[in-house]
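Novice: Below is the structure I would like to discuss, written out as structure tokens.
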Amino acid sequence: MQNSDTDTLDALAPSQKLAAQLRRDLHDLGAVPKSRAVTSLVAAAVADGMSEIEAEVQAKIVVSALVKCGDIGSGQSYGDKVLLKRRAVSVLYSGDQCILLGGDPSQGEPHGLLRVTDELPNDVFGLFDAVGLLSDADLVALWQVLDARVWFMNAACSDAVTRLLCLAGVLPGSPVPQDASNWLHEHFPRPRREGRTPDLSQSAVIERPASARQIVTAGPGSGKTHTAAERVIHLVQQGISPARLRLITFTRVAAEEIGRRISEALSEHTYAAGVMCGTIDSMAWNLVTSLGEAPPGGHDRIIRAAHRSIADGDQVILDQLSRISHLIIDEAQDIVGDRRIFCRAFIDALPASVGVTVLGDSAQAIYGSWAGDEGRGGSLHAELRGARGWENRELTANHRTRSTSLQQFFREARALLEDGIDPRSAYFSLREMIEDVATDAHVSLNGPVFPWKDDSLILFRGRAATVAASARLTRAARVHRMKLSGQTSVFDPLLGAICAGLAPNASVRPDHIRRRLADLHPQALIASEEDILADLQALGNGPAARLQDIGEMIDRKPAQYTRDYVGTAGPLLGSIHGAKGREASNVLLMLPPVPSGDDVDWQEEARVLFVGATRASLNLYLGRAQSGTVRDGRNGSRWLRGSDGGLLVSGVEGLRPLPGIAPALSVWEAAFQQPSCSFRRVAAEEGSPWHLVSASGEALAGVDSTLAEDLDYIEATRSSLASGTMRVVGATTVVDRRSDGKINMVTLLPVLMGVARGQGSKANDDDQ
């Protein structure tokens, strides 16, 4: 055995030997001063025949790369930099293979500077979580390495690119292995240059005068977001002040994406950030609060209040609108009901000289039935299309699809949906077209056919079917992520874990971060004390990093710390409605049963299938799903229909955080282990408060009064609550406030999915 180990070590490249030695030293000692570690590596490299100058360069490169990858940690002790041993972390690489970071250096096989193993733990991280956000410049740098076929690590190489290349098994200073090159090509395709140069149909929209009013039809993959951003950029370059431009989008994620593109493109303009990009709800809120406090009752009431202010001719509101030079509205086909009425009033109140650009696609209008009776009035896009005084334009190119068969399907399906034929016939024709174009029309969710990758999408007709499928995959140990419903999002749980237990007037200091990181299990991925402190200082608007200031900023949900899914690796599961704006090379569309009944909106059902199928850019796979039916109950609760139904629990709705450090640490661990959980009373007597507890009995959260009423009802009608019908699927940082509005604590809440049922319920998983 000793000879075999020696032979393996001798076969390693010099940098691999240094990485293996450094891991062993840290595993044995726990921490080593950085200068001493480099000296030891240099001595080993010189003894192996390398010159001293070359050995020092190689040693520093190895240390830097392993720190950036998260294989070893770094910190300071009495002013000196030290390297630290880290707990084991696994990153999903390809198929069921994982890259090992930290932990026991004897585990795994050599993979570049790192190690690879076939063991897949439950708390595995995904590739994109491990790498971090890649900028356009990062992608360019990555492809420079792939084109040169060799990686020379230097100061200009970003941390994200370094992590990515190391995870792929590329060694600094060595040729890029063919398997690593293939893997990088597959996951990070070359940036499409045509996306930066508008096509002719896009240019026709972008370059119109600021006073033009145009309604633009933009099918899937036609570059609608790119066109909207370029329209703003063009107007600014023509001399219009960014502060006089408004861009309304359907979702906050879309607003942030367009805003980022605009800011990057206009970085040389002093006031580029003055372009106001936001959702309809945020625009309405800005108008209403300019008159005073926003009315209670949620977004819908604010929308109606904003419309009344415009309709009543409030001078403060009209003065604000008079300062707009151009308005852009995106995803207009999904603006229905009260929001359609508000947007139309907004447009009509603008001076006649103010231009408006409205983008949408009637074939993708899938939110009509969500707007109630008023939604039957149609969408904003349908209302303005062909209206007097509006120019009608269309984006004609397809920049998404790399499959000729899918391109043809896109064209023919859109034509079918706009032909005005009988909606029921259109639905069945479209369903048949989808089955014909599919790469494989009979895929099992748990089968081996569908590419199980971080950048794959699995789509369902509704939320209930998504939750049921996620539960089955968890039991089958299939690693995956899940898109949260609606506007629900999670805030970086690491920050909440660090802040838990601190008083509101306390400041977060390096020694506290160090202790809290040591308490976390599993260990945080690629997080150094310096990075965490920098994030908290940025949130706290200063070096003091006061918890009070951090909490105020967290409540604003800054985009760089917020995401709309839970889980750390694998394909993204979600509803078709939640997938608007997304695309993927590989999409598994779980076809629902054919609708039945007299009240089916066949037109909308056909559009939903169309939207789901057009998320694919290369391969469309089909599976079969069974869907549960959800109805709205009192207090906004959502109940599954049928005798075996129950209360659908989603996200953090109805939960309140528990004080102290222990609950936060339990929530952190549960986010990775994803255990089943139940609601239990704190004491045996009736009327005792409810707690959410894990399967092992740890208290994870309290319950607010509204959810408590629903739990009381289930207990009263079913004698007791069933256990294990829900599970923890993630964690989010939350800010808990006192009754006077002041911050009480910053900590963690678990993100839930599942159904709270009575003990007598017998529902199967497909009903969830």
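Chain labels run A, B, ... following the order of the structure tokens; each chain numbers its residues from 1, and ligands are numbered from 1 in the order shown.
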Skip His399 of chain A itself and residues of its chain fewer than 5 positions away, then list as number ranges by chain all residues within 7 Å of it, counting only C-alpha atoms.

Specialist: A: 221-223

Novice: Env of segment 443-456 of chain A: 9 Å cut, atoms = only C-alpha atoms, seq-sep filter 2 positions within chain, self excluded. Answer as a ChimeraX atom specification.

Specialist: /A:92-95,126-128,187,440-441,458,469,472-473,476,478-481,568-573,583-588,590,621-624

Novice: Just write the chosen residues, N, CA and C atoms, as an mmCIF file, in the first residue's frame.

Specialist:
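Written output follows (selection19.cif):
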data_model
loop_
_atom_site.group_PDB
_atom_site.id
_atom_site.type_symbol
_atom_site.label_atom_id
_atom_site.label_comp_id
_atom_site.auth_asym_id
_atom_site.auth_seq_id
_atom_site.Cartn_x
_atom_site.Cartn_y
_atom_site.Cartn_z
ATOM 1 N N LEU A 92 -21.000 19.873 -6.280
ATOM 2 C CA LEU A 92 -21.436 19.003 -7.372
ATOM 3 C C LEU A 92 -20.707 19.385 -8.651
ATOM 4 N N TYR A 93 -20.073 18.401 -9.288
ATOM 5 C CA TYR A 93 -19.231 18.687 -10.453
ATOM 6 C C TYR A 93 -19.860 18.168 -11.736
ATOM 7 N N SER A 94 -19.965 16.864 -11.871
ATOM 8 C CA SER A 94 -20.518 16.281 -13.085
ATOM 9 C C SER A 94 -21.156 14.954 -12.731
ATOM 10 N N GLY A 95 -22.437 14.788 -13.123
ATOM 11 C CA GLY A 95 -23.133 13.573 -12.757
ATOM 12 C C GLY A 95 -23.239 13.472 -11.252
ATOM 13 N N GLY A 126 -23.823 23.637 -5.022
ATOM 14 C CA GLY A 126 -23.853 23.692 -6.471
ATOM 15 C C GLY A 126 -22.669 24.453 -7.038
ATOM 16 N N LEU A 127 -22.411 24.213 -8.304
ATOM 17 C CA LEU A 127 -21.288 24.862 -8.974
ATOM 18 C C LEU A 127 -21.409 26.382 -8.923
ATOM 19 N N PHE A 128 -22.599 26.908 -9.198
ATOM 20 C CA PHE A 128 -22.744 28.353 -9.288
ATOM 21 C C PHE A 128 -22.656 29.013 -7.916
ATOM 22 N N HIS A 187 -20.830 24.286 -19.653
ATOM 23 C CA HIS A 187 -21.478 25.077 -18.611
ATOM 24 C C HIS A 187 -21.368 26.582 -18.832
ATOM 25 N N ASP A 440 -36.911 14.103 -25.935
ATOM 26 C CA ASP A 440 -37.442 12.842 -25.420
ATOM 27 C C ASP A 440 -38.768 13.182 -24.759
ATOM 28 N N ALA A 441 -39.846 12.560 -25.210
ATOM 29 C CA ALA A 441 -41.187 12.920 -24.737
ATOM 30 C C ALA A 441 -41.659 12.057 -23.577
ATOM 31 N N ILE A 458 -36.539 22.421 -14.504
ATOM 32 C CA ILE A 458 -37.652 21.462 -14.465
ATOM 33 C C ILE A 458 -38.905 22.257 -14.116
ATOM 34 N N ALA A 469 -43.127 17.192 -6.170
ATOM 35 C CA ALA A 469 -41.964 16.623 -6.864
ATOM 36 C C ALA A 469 -40.691 16.839 -6.065
ATOM 37 N N ARG A 472 -40.445 14.258 -3.355
ATOM 38 C CA ARG A 472 -40.044 12.937 -3.868
ATOM 39 C C ARG A 472 -38.556 12.899 -4.179
ATOM 40 N N LEU A 473 -38.049 13.959 -4.775
ATOM 41 C CA LEU A 473 -36.626 14.004 -5.108
ATOM 42 C C LEU A 473 -35.760 13.992 -3.857
ATOM 43 N N ALA A 476 -35.480 10.609 -2.579
ATOM 44 C CA ALA A 476 -34.644 9.803 -3.472
ATOM 45 C C ALA A 476 -33.193 10.274 -3.493
ATOM 46 N N ARG A 478 -31.970 13.010 -4.633
ATOM 47 C CA ARG A 478 -31.598 13.733 -5.846
ATOM 48 C C ARG A 478 -31.445 15.213 -5.507
ATOM 49 N N VAL A 479 -30.239 15.707 -5.593
ATOM 50 C CA VAL A 479 -29.948 17.094 -5.231
ATOM 51 C C VAL A 479 -30.605 18.038 -6.236
ATOM 52 N N HIS A 480 -31.295 19.059 -5.745
ATOM 53 C CA HIS A 480 -31.965 20.000 -6.636
ATOM 54 C C HIS A 480 -32.200 21.320 -5.900
ATOM 55 N N ARG A 481 -32.597 22.322 -6.661
ATOM 56 C CA ARG A 481 -33.004 23.613 -6.101
ATOM 57 C C ARG A 481 -34.474 23.847 -6.432
ATOM 58 N N THR A 568 -28.869 24.407 -2.906
ATOM 59 C CA THR A 568 -27.519 24.837 -3.269
ATOM 60 C C THR A 568 -26.974 24.193 -4.531
ATOM 61 N N ALA A 569 -27.672 23.194 -5.078
ATOM 62 C CA ALA A 569 -27.108 22.513 -6.244
ATOM 63 C C ALA A 569 -28.212 21.799 -7.012
ATOM 64 N N GLY A 570 -27.879 21.444 -8.261
ATOM 65 C CA GLY A 570 -28.789 20.665 -9.080
ATOM 66 C C GLY A 570 -29.738 21.515 -9.897
ATOM 67 N N PRO A 571 -30.597 20.879 -10.699
ATOM 68 C CA PRO A 571 -31.558 21.614 -11.540
ATOM 69 C C PRO A 571 -32.493 22.470 -10.695
ATOM 70 N N LEU A 572 -33.042 23.491 -11.316
ATOM 71 C CA LEU A 572 -33.988 24.380 -10.646
ATOM 72 C C LEU A 572 -35.411 23.935 -10.963
ATOM 73 N N LEU A 573 -36.179 23.580 -9.922
ATOM 74 C CA LEU A 573 -37.589 23.231 -10.070
ATOM 75 C C LEU A 573 -38.432 24.481 -9.842
ATOM 76 N N GLU A 583 -34.190 31.081 -19.031
ATOM 77 C CA GLU A 583 -33.954 30.157 -20.128
ATOM 78 C C GLU A 583 -32.890 29.163 -19.692
ATOM 79 N N ALA A 584 -32.815 28.018 -20.368
ATOM 80 C CA ALA A 584 -31.823 27.002 -20.051
ATOM 81 C C ALA A 584 -31.572 26.156 -21.286
ATOM 82 N N SER A 585 -30.375 25.606 -21.384
ATOM 83 C CA SER A 585 -30.072 24.712 -22.500
ATOM 84 C C SER A 585 -30.981 23.491 -22.456
ATOM 85 N N ASN A 586 -31.190 22.954 -21.245
ATOM 86 C CA ASN A 586 -31.988 21.746 -21.080
ATOM 87 C C ASN A 586 -33.166 22.033 -20.160
ATOM 88 N N VAL A 587 -34.369 21.789 -20.660
ATOM 89 C CA VAL A 587 -35.594 22.017 -19.893
ATOM 90 C C VAL A 587 -36.409 20.730 -19.876
ATOM 91 N N LEU A 588 -36.859 20.328 -18.684
ATOM 92 C CA LEU A 588 -37.791 19.217 -18.529
ATOM 93 C C LEU A 588 -39.155 19.815 -18.192
ATOM 94 N N MET A 590 -42.797 19.204 -17.256
ATOM 95 C CA MET A 590 -43.666 18.161 -16.711
ATOM 96 C C MET A 590 -45.103 18.491 -17.109
ATOM 97 N N TYR A 621 -37.229 18.316 -22.927
ATOM 98 C CA TYR A 621 -37.650 16.985 -22.495
ATOM 99 C C TYR A 621 -39.049 17.096 -21.893
ATOM 100 N N LEU A 622 -39.815 16.017 -21.980
ATOM 101 C CA LEU A 622 -41.171 16.014 -21.438
ATOM 102 C C LEU A 622 -41.340 14.900 -20.417
ATOM 103 N N GLY A 623 -42.009 15.246 -19.310
ATOM 104 C CA GLY A 623 -42.417 14.265 -18.319
ATOM 105 C C GLY A 623 -43.905 14.418 -18.070
ATOM 106 N N ARG A 624 -44.441 13.692 -17.112
ATOM 107 C CA ARG A 624 -45.862 13.772 -16.786
ATOM 108 C C ARG A 624 -46.006 14.086 -15.307
#

Novice: Give me the residues within 12 Å of Lys85 of chain A as number ranges by chain, counting only C-alpha atoms and dropping any in the same chain fewer than 2 places off.

Specialist: A: 22-33, 66-67, 70-75, 82-83, 87-89, 101-105, 518, 523

Novice: At a cut-off of 9 Å, using only C-alpha atoms, what residues contact Leu384 of chain A? Leave out same-chain residues fewer than 5 positions from it and give the result as a list in words.

Specialist: Ile215, Val358, Ser379 and Trp390 of chain A

Novice: With N, CA and C atoms retained, write the just-selected residues as a PDB file, in the first residue's frame.

Specialist:
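See again-v4.pdb below for the written result:
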ATOM      1  N   ILE A 215     -45.707  50.290 -29.645  1.00  0.00           N
ATOM      2  CA  ILE A 215     -46.083  49.043 -28.999  1.00  0.00           C
ATOM      3  C   ILE A 215     -45.328  47.931 -29.713  1.00  0.00           C
ATOM      4  N   VAL A 358     -43.662  50.266 -25.191  1.00  0.00           N
ATOM      5  CA  VAL A 358     -44.311  49.160 -24.481  1.00  0.00           C
ATOM      6  C   VAL A 358     -43.942  47.855 -25.176  1.00  0.00           C
ATOM      7  N   SER A 379     -54.997  42.550 -21.429  1.00  0.00           N
ATOM      8  CA  SER A 379     -53.726  43.059 -20.936  1.00  0.00           C
ATOM      9  C   SER A 379     -53.451  44.439 -21.516  1.00  0.00           C
ATOM     10  N   TRP A 390     -50.227  55.011 -31.978  1.00  0.00           N
ATOM     11  CA  TRP A 390     -49.154  54.105 -31.567  1.00  0.00           C
ATOM     12  C   TRP A 390     -48.550  53.415 -32.788  1.00  0.00           C
TER      13      TRP A 390
END

Novice: Among the residues of segment 235-379 of chain A, find those DSSP assigns to strand (DSSP E) from the backbone and print them as a list in words.

Specialist: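 Selecting the strand (DSSP E) positions of segment 235-379 of chain A gives Leu245, Arg246, Leu247, Ile248, Thr249, Met276, Cys277, Gly278, Thr279, His326, Leu327, Ile328, Ile329, Gly355, Val356, Thr357, Val358, Leu359 and Gly360 of chain A.
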
Novice: Show which residues sit within 8 Å of Asp564 of chain A, as a PyMOL selection string. Count only C-alpha atoms, and ignore same-chain residues fewer than 5 positions away.

Specialist: chain A and resi 483-484+487-490

Novice: Taking 3 positions as the minimum chain separation for residues in the same chain, which residues sit within 12 Å of Arg563 of chain A when counting only C-alpha atoms? Answer as a VMD selection string.

Specialist: chain A and resid 129 252 to 253 256 481 to 485 487 to 493 557 to 560 566 to 568 730 to 733

Novice: Write the selection just made, keeping C-alpha atoms, as a compact mmCIF listing (two decimals), in the first residue's frame?

Specialist:
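To be explicit, this is the file written out as result-v6.txt:
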# COMPACT_ATOMS: atom_id res chain seq x y z
CA ASP A 129 -22.85 28.83 -5.51
CA ARG A 252 -38.06 42.98 -9.25
CA VAL A 253 -35.46 40.55 -10.65
CA GLU A 256 -32.45 44.75 -11.19
CA ARG A 481 -33.00 23.61 -6.10
CA MET A 482 -36.53 25.02 -5.94
CA LYS A 483 -37.84 28.36 -7.21
CA LEU A 484 -39.88 30.17 -4.59
CA SER A 485 -43.37 31.30 -5.48
CA GLN A 487 -42.11 37.58 -5.17
CA THR A 488 -40.85 35.42 -2.27
CA SER A 489 -37.08 35.51 -1.86
CA VAL A 490 -34.40 34.47 0.61
CA PHE A 491 -31.67 36.70 1.99
CA ASP A 492 -28.15 35.32 2.41
CA PRO A 493 -28.49 33.06 5.48
CA LYS A 557 -33.46 43.31 0.16
CA PRO A 558 -30.35 44.42 -1.81
CA ALA A 559 -30.05 42.28 -4.92
CA GLN A 560 -26.53 40.96 -4.35
CA VAL A 566 -33.71 27.56 -2.14
CA GLY A 567 -31.17 24.76 -2.33
CA THR A 568 -27.52 24.84 -3.27
CA GLY A 730 -33.66 26.48 3.08
CA ALA A 731 -33.02 29.41 5.39
CA THR A 732 -33.22 33.17 5.12
CA THR A 733 -31.94 36.12 7.14

Novice: Env of segment 411-419 of chain A: 9 Å cut, atoms = only C-alpha atoms, seq-sep filter 5 positions within chain, self excluded. Answer as an NGL selection string.

Specialist: :A and (219 or 362-364 or 406 or 426-427 or 429-430 or 433-434 or 603 or 606-607 or 610)

Novice: Find the residue from A:Gly741, A:Pro663, A:Pro592, A:Pro657 that sits nearest to Asp704 of chain A; use only C-alpha atoms when measuring.

Specialist: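 Ranking A:Gly741, A:Pro663, A:Pro592, A:Pro657 by distance to Asp704 of chain A, first place goes to A:Pro657.
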
Novice: Compare A:Ala243, A:Val608, A:Leu142, A:Val336 by their minimum atom-to-atom distance to Cys277 of chain A, counting only C-alpha atoms, and give me the closest one.

Specialist: A:Ala243

Novice: Write down as a ChimeraX atom specification the residues of segment 395-503 of chain A whose backbone DSSP state falls under helix (DSSP H, G or I).

Specialist: /A:404-418,423-437,463-475,493-499

Novice: Check the smallest atom-to-atom distance from each of A:Ile262, A:Ile714, A:Phe460, A:Val46 to Gln759 of chain A using only C-alpha atoms, then report the winner.

Specialist: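 Among the listed residues, the smallest separation from Gln759 of chain A belongs to A:Ile714.
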
Novice: Could you check which of A:Val594, A:Leu520, A:Ala59, A:Ile532 is closest to Ile661 of chain A, using only C-alpha atoms?

Specialist: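 Nearest candidate to Ile661 of chain A out of A:Val594, A:Leu520, A:Ala59, A:Ile532: A:Leu520.
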
Novice: Which value, in Å to one decimal, gives the distance between atom CA of Ala464 of chain A and atom CA of Ser676 of chain A?

Specialist: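 Atom CA of Ser676 of chain A lies at a distance of 17.3 Å from atom CA of Ala464 of chain A.
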
Novice: I need the residue nearest Leu618 of chain A from this list: A:Ile329, A:Ile99, A:Ala438, A:Val176. Use only C-alpha atoms for the distance.

Specialist: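 The shortest atom-to-atom distance to Leu618 of chain A comes from A:Ala438.
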
Novice: Go through A:Ala141, A:Val735, A:Val124, A:Val288 one by one, measure the shortest atom-to-atom distance of each to Ala671 of chain A using only C-alpha atoms, and give the residue with the smallest value.

Specialist: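 Of the candidates, the smallest distance to Ala671 of chain A is held by A:Val124.
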
Novice: Could you jot down the atom CA of Asp319 of chain A to atom CA of Gly239 of chain A separation for me, Å, one decimal place?

Specialist: 21.7 Å
